[in-house]
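Shown next, in structure tokens, is the structure this report addresses.
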Amino acid sequence: MKKIYIIRHCKAMGQEEEATLTVEGIEQAKKLAERLQQYDIKRIISSSFTRAIQTIEPFSKKVQIEIEQDERLTERILSAQNFDDWIEKLEQTFLDENLKYIGGESSKEAVTRIEQLIEELFESSIEDSAIISHGNILSLLITKYNPDFGFTGWKTMRNPDVFLLTKDGQDVAIKRIDE
């Protein structure tokens, strides 16, 4: 059975690519590293964003697995414009996967790029992998395998958050791993 641990980054200072973890986020990353040791993770792939890398670094160092960076895990850009009502705009993209704002990426485009990586991991010889990414794109991925997750599920996501995506033959399932 293939297992992919899907990890949302710890608490960060902001949304920009270079945003670092907060003091609390650094502590969360250390606790996450302890928690992840119970799993047989053999490969780590992260968004190139600083907060994602900082989230998984303590675990990577403990288990001595190199962090691979993959641009397909970067956060989805909703729009190049700033919206006062961005939450409503985001919700609309869950209802219409083709909706695209100026300078942004549709839900369909975002899920297609992350799904390419997931398919590669399912076809890989490595059984257990971990990916570290961001709430918006991960919620779209989770929704692909669990249509009930959607925008409401996105609102319930924590920093950090861990889900397990499994594939056993043709059966694919996803669930949140409780702390």
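A note on labels: chains of the structure tokens are A, B, ... as shown, every chain counts residues from 1, and ligands are counted from 1 in their shown order.
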Test item: residues at most 10 Å from range 29-44 of chain A, only C-alpha atoms, excluding those fewer than 6 positions along its chain, as a count of residues only: 38
Residue list (helix (DSSP H, G or I), DSSP) for range 5-172 of chain A, as a PyMOL selection string: chain A and resi 23-36+50-63+71-73+86-95+107-123+135-145+150-156
Every residue of range 12-100 of chain A that DSSP places in strand (DSSP E or B), as JSON, numbers by chain: {"A": [12, 21, 43, 44, 45, 46, 67, 68, 69]}
Keeping only N, CA, C and O atoms, write the selected residues to a file as a JSON list (two decimals), in the first residue's frame.
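So the final result, stored in out-v1.json, reads:
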```json
[["chain", "number", "residue", "atom", "x", "y", "z"],
["A", 12, "ALA", "N", 2.97, 30.65, 10.33],
["A", 12, "ALA", "CA", 3.97, 31.49, 9.66],
["A", 12, "ALA", "C", 3.67, 32.97, 9.86],
["A", 12, "ALA", "O", 2.57, 33.35, 10.24],
["A", 21, "LEU", "N", 8.50, 30.89, 9.67],
["A", 21, "LEU", "CA", 7.63, 30.44, 10.75],
["A", 21, "LEU", "C", 7.71, 31.42, 11.92],
["A", 21, "LEU", "O", 8.74, 32.05, 12.15],
["A", 43, "ARG", "N", 10.78, 9.45, 1.87],
["A", 43, "ARG", "CA", 11.02, 10.54, 0.91],
["A", 43, "ARG", "C", 10.25, 11.77, 1.38],
["A", 43, "ARG", "O", 9.08, 11.66, 1.79],
["A", 44, "ILE", "N", 10.90, 12.95, 1.29],
["A", 44, "ILE", "CA", 10.29, 14.21, 1.69],
["A", 44, "ILE", "C", 10.35, 15.18, 0.52],
["A", 44, "ILE", "O", 11.42, 15.45, -0.01],
["A", 45, "ILE", "N", 9.18, 15.70, 0.15],
["A", 45, "ILE", "CA", 9.10, 16.66, -0.95],
["A", 45, "ILE", "C", 8.34, 17.88, -0.43],
["A", 45, "ILE", "O", 7.26, 17.75, 0.13],
["A", 46, "SER", "N", 8.92, 19.06, -0.65],
["A", 46, "SER", "CA", 8.35, 20.27, -0.08],
["A", 46, "SER", "C", 8.17, 21.36, -1.13],
["A", 46, "SER", "O", 8.91, 21.43, -2.11],
["A", 67, "ILE", "N", 15.50, 16.97, 1.87],
["A", 67, "ILE", "CA", 14.25, 17.61, 1.45],
["A", 67, "ILE", "C", 14.37, 17.94, -0.03],
["A", 67, "ILE", "O", 15.25, 18.70, -0.44],
["A", 68, "GLU", "N", 13.49, 17.35, -0.83],
["A", 68, "GLU", "CA", 13.41, 17.70, -2.25],
["A", 68, "GLU", "C", 12.42, 18.85, -2.38],
["A", 68, "GLU", "O", 11.37, 18.83, -1.74],
["A", 69, "GLN", "N", 12.73, 19.83, -3.20],
["A", 69, "GLN", "CA", 11.79, 20.93, -3.44],
["A", 69, "GLN", "C", 11.12, 20.72, -4.78],
["A", 69, "GLN", "O", 11.75, 20.30, -5.75]]
```
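Nearest residue to Val111 in chain A among A:Ile6, A:Met13, A:Val172, A:Leu138 is A:Leu138, counting only C-alpha atoms.
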Spatial neighbours of range 15-19 of chain A, max dist 9 Å, only C-alpha atoms, sep filter under 5 positions, as a ChimeraX atom specification: /A:48-51,74-75
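Among the candidates A:Leu78, A:Leu90, A:Leu99, A:Leu141, the residue lying nearest to Glu119 in chain A is A:Leu141 (atoms considered: only C-alpha atoms).
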Atom-to-atom span, CA of Ser124 in chain A and CA of Lys2 in chain A, Å: 9.0 Å
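Among the candidates A:Gln170, A:Thr112, A:Ser139, A:Thr20, the residue lying nearest to Asn98 in chain A is A:Thr112 (atoms considered: only C-alpha atoms).
The space separating CA of Ile142 in chain A from CA of Ile174 in chain A comes to 7.1 Å.
Among the candidates A:Ile102, A:Ala110, A:Ile137, A:Ile118, the one nearest to Thr166 in chain A when counting only C-alpha atoms is A:Ile118.
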